[in-house]
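Chemist: So that you have it, the file is coords.tsv, and it contains TSV, C-alpha atoms and all ligand atoms:
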chain	number	residue	atom	x	y	z
A	1	MET	CA	156.05	134.81	37.81
A	2	ARG	CA	154.85	137.77	35.73
A	3	THR	CA	153.08	136.49	32.65
A	4	ILE	CA	151.44	138.31	29.76
A	5	THR	CA	147.70	138.70	30.30
A	6	ALA	CA	146.36	140.10	26.99
A	7	GLU	CA	143.76	137.92	25.28
A	8	GLN	CA	146.16	136.63	22.61
A	9	PRO	CA	149.55	137.28	24.22
A	10	LEU	CA	151.42	135.04	21.77
A	11	ARG	CA	150.09	136.57	18.56
A	12	GLY	CA	152.94	136.95	16.08
A	13	ARG	CA	155.15	134.39	17.86
A	14	THR	CA	156.35	131.27	16.06
A	15	ILE	CA	156.88	128.24	18.29
A	16	LEU	CA	158.44	124.94	17.26
A	17	LEU	CA	157.46	122.09	19.59
A	18	THR	CA	158.72	118.50	19.38
A	19	GLY	CA	156.66	115.52	20.54
A	20	ALA	CA	153.44	117.28	19.59
A	21	SER	CA	151.49	114.13	18.69
A	22	ALA	CA	150.60	113.10	22.24
A	23	GLY	CA	150.83	113.72	25.97
A	24	ILE	CA	152.25	116.89	27.43
A	25	GLY	CA	153.41	118.22	24.05
A	26	LEU	CA	149.96	118.03	22.47
A	27	ALA	CA	148.34	119.64	25.52
A	28	ALA	CA	150.93	122.46	25.46
A	29	ALA	CA	150.51	122.98	21.70
A	30	LYS	CA	146.73	123.40	22.06
A	31	ARG	CA	147.10	125.91	24.89
A	32	LEU	CA	149.79	127.92	23.07
A	33	ALA	CA	147.73	128.03	19.85
A	34	ALA	CA	144.74	129.21	21.92
A	35	LEU	CA	146.97	132.08	23.10
A	36	GLY	CA	147.58	133.10	19.49
A	37	ALA	CA	150.94	131.47	18.64
A	38	HIS	CA	151.85	130.01	15.25
A	39	LEU	CA	152.70	126.37	16.04
A	40	LEU	CA	155.19	124.20	14.14
A	41	LEU	CA	154.46	120.68	15.33
A	42	VAL	CA	157.24	118.12	15.06
A	43	CYS	CA	155.91	114.52	14.99
A	44	ARG	CA	157.37	111.26	13.69
A	45	ASN	CA	154.19	109.61	12.49
A	46	GLN	CA	152.07	111.08	9.68
A	47	ALA	CA	148.69	109.81	10.94
A	48	ARG	CA	149.26	110.79	14.58
A	49	GLY	CA	150.70	114.10	13.41
A	50	GLN	CA	147.65	114.88	11.26
A	51	ARG	CA	145.35	114.10	14.20
A	52	ALA	CA	147.36	116.41	16.46
A	53	LEU	CA	147.37	119.11	13.78
A	54	ALA	CA	143.56	118.99	13.58
A	55	GLU	CA	143.25	119.21	17.38
A	56	VAL	CA	145.65	122.15	17.60
A	57	GLN	CA	143.89	123.93	14.75
A	58	ALA	CA	140.53	123.44	16.48
A	59	ALA	CA	141.93	124.89	19.72
A	60	ALA	CA	143.67	127.86	18.05
A	61	ALA	CA	142.60	131.45	18.64
A	62	PRO	CA	140.65	133.09	15.77
A	63	ASP	CA	142.87	134.34	12.92
A	64	THR	CA	145.92	132.50	14.23
A	65	PRO	CA	148.30	131.39	11.44
A	66	VAL	CA	147.47	127.78	10.53
A	67	PRO	CA	149.64	125.34	12.52
A	68	GLU	CA	152.05	123.24	10.49
A	69	LEU	CA	153.15	119.63	10.75
A	70	LEU	CA	156.83	118.77	10.30
A	71	LEU	CA	157.67	115.07	10.17
A	72	CYS	CA	160.88	113.84	11.80
A	73	ASP	CA	162.09	110.77	13.67
A	74	LEU	CA	164.24	112.50	16.27
A	75	ALA	CA	166.10	109.27	17.07
A	76	GLN	CA	167.80	109.61	13.65
A	77	LEU	CA	170.14	112.60	13.60
A	78	ALA	CA	170.21	112.61	9.78
A	79	GLU	CA	166.45	113.29	9.94
A	80	VAL	CA	166.99	116.01	12.55
A	81	HIS	CA	169.42	117.72	10.16
A	82	LYS	CA	166.83	117.51	7.35
A	83	LEU	CA	164.23	119.04	9.67
A	84	CYS	CA	166.65	121.88	10.48
A	85	ASP	CA	167.32	122.48	6.77
A	86	GLU	CA	163.59	122.73	6.13
A	87	VAL	CA	162.89	125.06	9.07
A	88	LEU	CA	165.88	127.28	8.22
A	89	SER	CA	164.76	127.58	4.61
A	90	ARG	CA	161.06	128.19	5.28
A	91	PHE	CA	160.81	130.40	8.36
A	92	PRO	CA	162.43	133.81	8.89
A	93	LYS	CA	162.49	133.60	12.70
A	94	LEU	CA	161.67	131.37	15.63
A	95	ASP	CA	160.53	132.87	18.93
A	96	VAL	CA	160.41	129.72	21.02
A	97	LEU	CA	161.91	126.24	20.61
A	98	ILE	CA	160.38	123.61	22.90
A	99	ASN	CA	162.38	120.37	23.15
A	100	ASN	CA	159.67	118.16	24.58
A	101	ALA	CA	159.76	114.78	22.75
A	102	GLY	CA	161.04	111.93	24.86
A	103	VAL	CA	161.10	108.15	25.16
A	104	LEU	CA	161.39	105.66	27.99
A	105	PRO	CA	161.90	102.30	26.24
A	106	ASP	CA	161.79	98.84	27.83
A	107	LYS	CA	165.35	97.89	26.90
A	108	LEU	CA	168.68	99.34	25.84
A	109	ILE	CA	168.64	99.91	22.08
A	110	ALA	CA	171.40	101.12	19.75
A	111	THR	CA	170.12	103.12	16.77
A	112	ASP	CA	171.32	102.50	13.18
A	113	GLU	CA	173.49	105.59	13.56
A	114	GLY	CA	175.22	104.07	16.60
A	115	HIS	CA	173.65	105.98	19.49
A	116	GLU	CA	171.71	104.68	22.47
A	117	LEU	CA	168.01	105.38	21.77
A	118	CYS	CA	167.21	107.54	24.84
A	119	TRP	CA	170.43	109.48	24.46
A	120	ALA	CA	169.73	110.16	20.77
A	121	THR	CA	166.04	111.09	21.11
A	122	ASN	CA	166.03	112.86	24.46
A	123	HIS	CA	169.40	114.62	24.32
A	124	LEU	CA	171.31	114.56	21.00
A	125	ALA	CA	168.25	115.57	18.95
A	126	PRO	CA	167.59	118.68	21.10
A	127	PHE	CA	171.34	119.41	21.01
A	128	VAL	CA	171.42	119.41	17.19
A	129	LEU	CA	168.03	121.10	16.75
A	130	THR	CA	168.88	123.91	19.16
A	131	ASN	CA	172.37	124.58	17.84
A	132	ARG	CA	171.26	124.61	14.22
A	133	LEU	CA	168.16	126.76	14.82
A	134	LEU	CA	170.01	129.41	16.86
A	135	PRO	CA	170.20	131.79	13.85
A	136	LEU	CA	166.37	131.82	13.68
A	137	LEU	CA	166.07	132.42	17.42
A	138	GLU	CA	168.56	135.28	17.06
A	139	GLN	CA	166.34	136.76	14.35
A	140	ALA	CA	163.44	136.79	16.84
A	141	GLY	CA	165.54	138.95	19.18
A	142	ALA	CA	164.57	139.85	22.74
A	143	GLY	CA	162.27	137.30	24.34
A	144	ALA	CA	163.46	134.38	22.21
A	145	ARG	CA	163.82	131.28	24.37
A	146	ILE	CA	164.65	127.57	24.40
A	147	ILE	CA	162.65	125.33	26.70
A	148	THR	CA	163.68	121.72	27.34
A	149	VAL	CA	161.49	119.22	29.16
A	150	ALA	CA	163.74	117.44	31.67
A	151	SER	CA	162.66	115.37	34.69
A	152	GLU	CA	163.25	114.62	38.36
A	153	ALA	CA	164.74	111.38	36.99
A	154	HIS	CA	167.91	113.49	36.49
A	155	TRP	CA	168.74	112.91	40.18
A	156	LEU	CA	169.75	109.34	39.25
A	157	GLY	CA	171.58	110.30	36.05
A	158	GLU	CA	175.25	110.04	35.02
A	159	ILE	CA	176.92	111.32	31.88
A	160	GLU	CA	178.62	108.35	30.20
A	161	SER	CA	181.26	109.20	27.59
A	162	THR	CA	180.83	106.30	25.17
A	163	LEU	CA	178.17	104.24	23.41
A	164	GLU	CA	179.75	101.08	24.85
A	165	ALA	CA	179.13	102.32	28.41
A	166	ARG	CA	175.62	103.48	27.53
A	167	ILE	CA	174.53	100.11	26.15
A	168	ASP	CA	176.49	97.88	28.54
A	169	PRO	CA	173.78	95.92	30.41
A	170	ASN	CA	176.16	95.48	33.37
A	171	ARG	CA	176.30	99.28	33.82
A	172	SER	CA	173.08	100.58	32.31
A	173	SER	CA	169.39	99.80	31.85
A	174	ALA	CA	166.66	101.49	29.84
A	175	PHE	CA	165.68	103.36	33.01
A	176	THR	CA	169.22	104.58	33.81
A	177	ALA	CA	169.61	105.59	30.15
A	178	TYR	CA	166.45	107.71	30.53
A	179	CYS	CA	167.79	109.25	33.77
A	180	ASP	CA	171.12	110.03	32.05
A	181	SER	CA	169.33	111.76	29.16
A	182	LYS	CA	167.28	113.86	31.59
A	183	LEU	CA	170.44	114.91	33.46
A	184	ALA	CA	171.84	115.88	30.06
A	185	ASN	CA	168.75	118.09	29.44
A	186	ILE	CA	169.56	120.18	32.52
A	187	LEU	CA	173.33	120.34	31.92
A	188	PHE	CA	172.65	121.29	28.29
A	189	THR	CA	170.41	124.16	29.43
A	190	LYS	CA	173.11	125.31	31.84
A	191	ALA	CA	175.85	125.21	29.19
A	192	LEU	CA	173.57	126.97	26.69
A	193	THR	CA	172.96	129.95	28.99
A	194	GLU	CA	176.71	130.52	29.20
A	195	ARG	CA	177.18	130.22	25.46
A	196	LEU	CA	174.24	132.57	24.79
A	197	GLU	CA	175.32	135.12	27.41
A	198	LEU	CA	175.91	137.87	24.85
A	199	THR	CA	172.64	137.24	23.01
A	200	PRO	CA	169.03	138.01	24.02
A	201	ILE	CA	168.14	134.29	23.87
A	202	THR	CA	167.41	132.52	27.14
A	203	ALA	CA	167.30	128.81	28.02
A	204	HIS	CA	165.12	127.04	30.57
A	205	CYS	CA	164.17	123.52	31.58
A	206	LEU	CA	161.48	121.92	33.66
A	207	HIS	CA	159.97	118.88	35.31
A	208	PRO	CA	156.32	118.50	34.26
A	209	GLY	CA	155.35	116.30	37.24
A	210	LEU	CA	154.35	112.65	37.19
A	211	VAL	CA	151.97	112.53	34.26
A	212	ARG	CA	149.30	110.17	32.86
A	213	SER	CA	150.82	110.30	29.37
A	214	ASN	CA	151.92	107.61	26.89
A	215	LEU	CA	155.52	107.76	28.15
A	216	TRP	CA	155.05	104.64	30.25
A	217	VAL	CA	153.34	102.54	27.56
A	218	HIS	CA	156.59	101.23	26.04
A	219	SER	CA	158.59	101.06	29.28
A	220	SER	CA	159.52	97.87	31.17
A	221	TRP	CA	156.85	95.85	33.01
A	222	PHE	CA	158.36	97.11	36.29
A	223	MET	CA	157.99	100.77	35.31
A	224	ARG	CA	154.45	100.14	34.07
A	225	ALA	CA	153.56	98.43	37.35
A	226	MET	CA	155.02	101.37	39.32
A	227	MET	CA	152.97	103.75	37.19
A	228	VAL	CA	149.74	101.81	37.87
A	229	LEU	CA	150.39	102.26	41.61
A	230	ALA	CA	151.25	105.94	41.12
A	231	LEU	CA	148.28	106.66	38.83
A	232	PRO	CA	146.05	108.23	41.51
A	233	PHE	CA	148.79	110.81	42.17
A	234	ALA	CA	149.63	111.49	38.51
A	235	ARG	CA	148.78	114.72	36.68
A	236	SER	CA	146.78	115.23	33.52
A	237	ASN	CA	148.67	116.27	30.40
A	238	GLU	CA	146.95	119.67	30.59
A	239	LYS	CA	148.15	120.27	34.15
A	240	ALA	CA	151.67	119.10	33.21
A	241	ALA	CA	151.75	121.48	30.24
A	242	GLU	CA	151.21	124.48	32.51
A	243	THR	CA	154.90	124.91	33.35
A	244	ILE	CA	155.76	124.97	29.63
A	245	VAL	CA	153.06	127.61	29.09
A	246	CYS	CA	154.34	129.64	32.08
A	247	LEU	CA	157.83	129.68	30.56
A	248	VAL	CA	156.58	130.66	27.10
A	249	THR	CA	154.42	133.51	28.44
A	250	GLU	CA	156.94	134.77	31.04
A	251	THR	CA	157.50	138.46	30.31
A	252	ASP	CA	160.94	138.58	31.94
A	253	PRO	CA	162.65	135.37	30.78
A	254	GLN	CA	166.12	136.71	31.73
A	255	LYS	CA	165.04	136.37	35.36
A	256	LEU	CA	164.63	132.62	34.82
A	257	ASN	CA	167.61	132.14	32.50
A	258	GLY	CA	169.10	128.69	33.13
A	259	ALA	CA	166.40	127.80	35.67
A	260	TYR	CA	164.80	124.37	36.22
A	261	LEU	CA	161.12	124.76	37.05
A	262	LYS	CA	158.50	122.58	38.73
A	263	SER	CA	154.88	123.77	38.86
A	264	CYS	CA	155.99	127.12	37.37
A	265	ARG	CA	158.56	127.75	40.14
A	266	PRO	CA	162.36	127.36	40.22
A	267	ALA	CA	163.24	124.06	41.89
A	268	ARG	CA	166.28	122.25	43.30
A	269	ILE	CA	168.53	120.18	41.06
A	270	SER	CA	171.11	117.53	41.90
A	271	SER	CA	174.72	118.58	42.54
A	272	LYS	CA	175.72	116.83	39.29
A	273	ALA	CA	173.13	118.85	37.35
A	274	ALA	CA	174.46	122.05	38.95
A	275	SER	CA	178.09	121.29	38.06
A	276	ARG	CA	179.65	123.70	35.57
A	277	ALA	CA	182.41	121.18	34.84
A	278	GLU	CA	179.81	118.49	34.01
A	279	ALA	CA	177.98	120.96	31.76
A	280	PHE	CA	181.21	121.62	29.82
A	281	ARG	CA	182.01	117.90	29.66
A	282	LEU	CA	178.51	117.13	28.35
A	283	TRP	CA	178.85	119.83	25.70
A	284	ARG	CA	182.19	118.45	24.52
A	285	ILE	CA	180.87	114.88	24.34
A	286	SER	CA	177.69	115.96	22.49
A	287	SER	CA	179.61	118.17	20.10
A	288	ASP	CA	182.07	115.34	19.30
A	289	GLU	CA	179.17	112.92	18.71
A	290	THR	CA	177.11	115.23	16.50
A	291	GLY	CA	179.63	117.52	14.84
A	292	VAL	CA	177.63	120.62	15.81
A	293	GLY	CA	178.03	123.20	18.59
A	294	GLU	CA	181.82	123.59	18.25
A	301	LIG	N1	155.09	111.45	31.77
A	301	LIG	C1	155.80	111.80	32.82
A	301	LIG	O1	155.47	111.45	33.98
A	301	LIG	C2	157.03	112.66	32.65
A	301	LIG	C3	157.76	113.00	33.79
A	301	LIG	C4	158.91	113.78	33.62
A	301	LIG	C5	159.30	114.19	32.35
A	301	LIG	N2	158.56	113.82	31.27
A	301	LIG	C6	159.03	114.26	29.95
A	301	LIG	O2	157.97	114.87	29.25
A	301	LIG	C7	158.24	114.85	27.84
A	301	LIG	C8	156.99	114.47	27.09
A	301	LIG	O3	156.64	113.14	27.40
A	301	LIG	P1	155.15	112.65	27.66
A	301	LIG	O4	155.05	112.29	29.09
A	301	LIG	O5	154.18	113.61	27.09
A	301	LIG	O6	155.17	111.27	26.83
A	301	LIG	P2	154.34	110.79	25.54
A	301	LIG	O7	152.89	110.92	25.78
A	301	LIG	O8	154.89	109.44	25.23
A	301	LIG	O9	154.77	111.83	24.42
A	301	LIG	C9	156.08	111.81	23.91
A	301	LIG	C10	156.10	112.52	22.59
A	301	LIG	O10	157.43	112.39	22.03
A	301	LIG	C11	157.30	111.83	20.73
A	301	LIG	N3	158.48	111.04	20.34
A	301	LIG	C12	159.02	109.99	20.98
A	301	LIG	N4	160.05	109.52	20.28
A	301	LIG	C13	160.16	110.27	19.16
A	301	LIG	C14	161.01	110.26	18.04
A	301	LIG	N5	161.98	109.34	17.88
A	301	LIG	N6	160.84	111.18	17.08
A	301	LIG	C15	159.85	112.10	17.17
A	301	LIG	N7	159.01	112.18	18.22
A	301	LIG	C16	159.15	111.25	19.20
A	301	LIG	C17	156.07	110.95	20.80
A	301	LIG	O11	155.62	110.65	19.49
A	301	LIG	P3	154.69	109.35	19.19
A	301	LIG	O12	153.27	109.80	19.46
A	301	LIG	O13	154.95	109.09	17.77
A	301	LIG	O14	155.13	108.26	20.11
A	301	LIG	C18	155.15	111.89	21.57
A	301	LIG	O15	154.63	112.89	20.75
A	301	LIG	C19	159.40	113.86	27.67
A	301	LIG	O16	160.59	114.58	27.44
A	301	LIG	C20	159.47	113.14	29.00
A	301	LIG	O17	160.77	112.70	29.30
A	301	LIG	C21	157.44	113.06	31.37
For this file, produce the structure as structure tokens.
Ligand SMILES: NC(=O)c1ccc[n+]([C@@H]2O[C@H](COP(=O)([O-])OP(=O)(O)OC[C@H]3O[C@@H](n4cnc5c(N)ncnc54)[C@H](OP(=O)(O)O)[C@@H]3O)[C@@H](O)[C@H]2O)c1

Modeler:
Amino acid sequence: MRTITAEQPLRGRTILLTGASAGIGLAAAKRLAALGAHLLLVCRNQARGQRALAEVQAAAAPDTPVPELLLCDLAQLAEVHKLCDEVLSRFPKLDVLINNAGVLPDKLIATDEGHELCWATNHLAPFVLTNRLLPLLEQAGAGARIITVASEAHWLGEIESTLEARIDPNRSSAFTAYCDSKLANILFTKALTERLELTPITAHCLHPGLVRSNLWVHSSWFMRAMMVLALPFARSNEKAAETIVCLVTETDPQKLNGAYLKSCRPARISSKAASRAEAFRLWRISSDETGVGE
């Protein structure tokens, strides 16, 4: 990959990053601020958000615009819409949108708005955020990009059409719901590249590796036990953030438009994730469920 090498290659770029309070997102935010970017950090918790803000500010390159904290519970689409309203009214352009926030809960949960929790947080929130913030990405022009953190878990994913199927314990579990949402991340990226064909905006997704983050803390006892065994092979958050940073600093993003990366290199995806028909079906389902992206 050809990446920009100047001392502050991201000076003048505005980057909105979700899930900035911990894990891979926080590590990426610190690195991107150190490269000169203006960071908009989306977090759901005020105290954790303030802590992250202080860490990102401390890591930022000299004279970088002060990073900002935007509070939003991404599991609630009404809050995602409020976040979009605020960003659209306050910022003239957005160079990079990083859909990183994610959850792996210990059981199937339906949100107050009637969505399965993983589906809402990991897929519908990025779907709404991206579609509504497209005008700001368009304002940024050439080089604007959307980066979504997916996972190898997509290999086990299916796209269910209804909430009933998603929360049916005979068909689904918290883990399969997570896998489904990660398949949706890749199909979403694929569908986006087609829809953005006539614009300079590109879309990319990635697997960060197996990471020693907080993702596992709220997962089932089985997943936590698996993670304990896998711990010696797991990456640090800083190492995992490298593929995000590679995609943000890539000087020729068109070359990687629609790509799924692992360790900064294009990687294989499942046949379901590569299916154009599935990408269209996912878009239709997501658009029906959110009322955006028609
Ligand atoms: N860890 C891995 O091995 C691994 C592997 C493949 C892919 N990934 C993906 O990597 C991404 C980042 O996860 P991570 O490993 O860094 O996990 P993490 O340490 O748990 O961080 C997840 C971030 O998402 C935020 N978040 C969760 N639910 C949210 C909500 N409803 N509203 C707003 N923010 C919310 C968390 O906020 P709080 O601090 O408030 O909880 C946190 O900032 C996820 O998309 C995950 O699927 C991780």

Chemist: How would you report the residues lying within 8 Å of ligand LIG 301 (chain A), as a ChimeraX atom specification, if you count all atoms listed in the file?

Modeler: /A:18-26,42-45,48-49,71-76,99-104,121-122,148-153,178,182,207-217,234-235,237

Chemist: Would you work out the distance separating atom CA of His81 of chain A from atom CA of Ala120 of chain A, expressed in Å to one decimal?

Modeler: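 According to the coordinates, atom CA of His81 of chain A and atom CA of Ala120 of chain A are separated by 13.0 Å.
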
Chemist: Extract, using all atoms listed in the file, all DNA, RNA and protein residues at most 6 Å from segment 267-283 of chain A, discarding same-chain residues fewer than 3 positions from it, and format them as a list in words.

Modeler: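 The residues satisfying every condition are Trp155, Leu187, Ala191, Tyr260, Leu261, Lys262, Ser286 and Ser287 of chain A.
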
Chemist: I want to know what sits within 12 Å of Pro62 of chain A, based on all atoms listed in the file, with residues of the same chain fewer than 5 positions away left out; could you give that as a list in words?

Modeler: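 Near Pro62 of chain A, the qualifying residues are Glu7, Gln8, Arg11, Ala33, Ala34, Leu35, Gly36, Ala37, His38 and Gln57 of chain A.
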
Chemist: Counting only C-alpha atoms, which residues come within 10 Å of (168.4, 107.4, 14.8), with the point read in the file's coordinates, and could you list them as a list in words?

Modeler: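 Residues close enough to count: Asp73, Leu74, Ala75, Gln76, Leu77, Ala78, Glu79, Val80, Ala110, Thr111, Asp112, Glu113, Gly114, His115, Glu116, Leu117, Ala120, Thr121, Leu124 and Ala125 of chain A.
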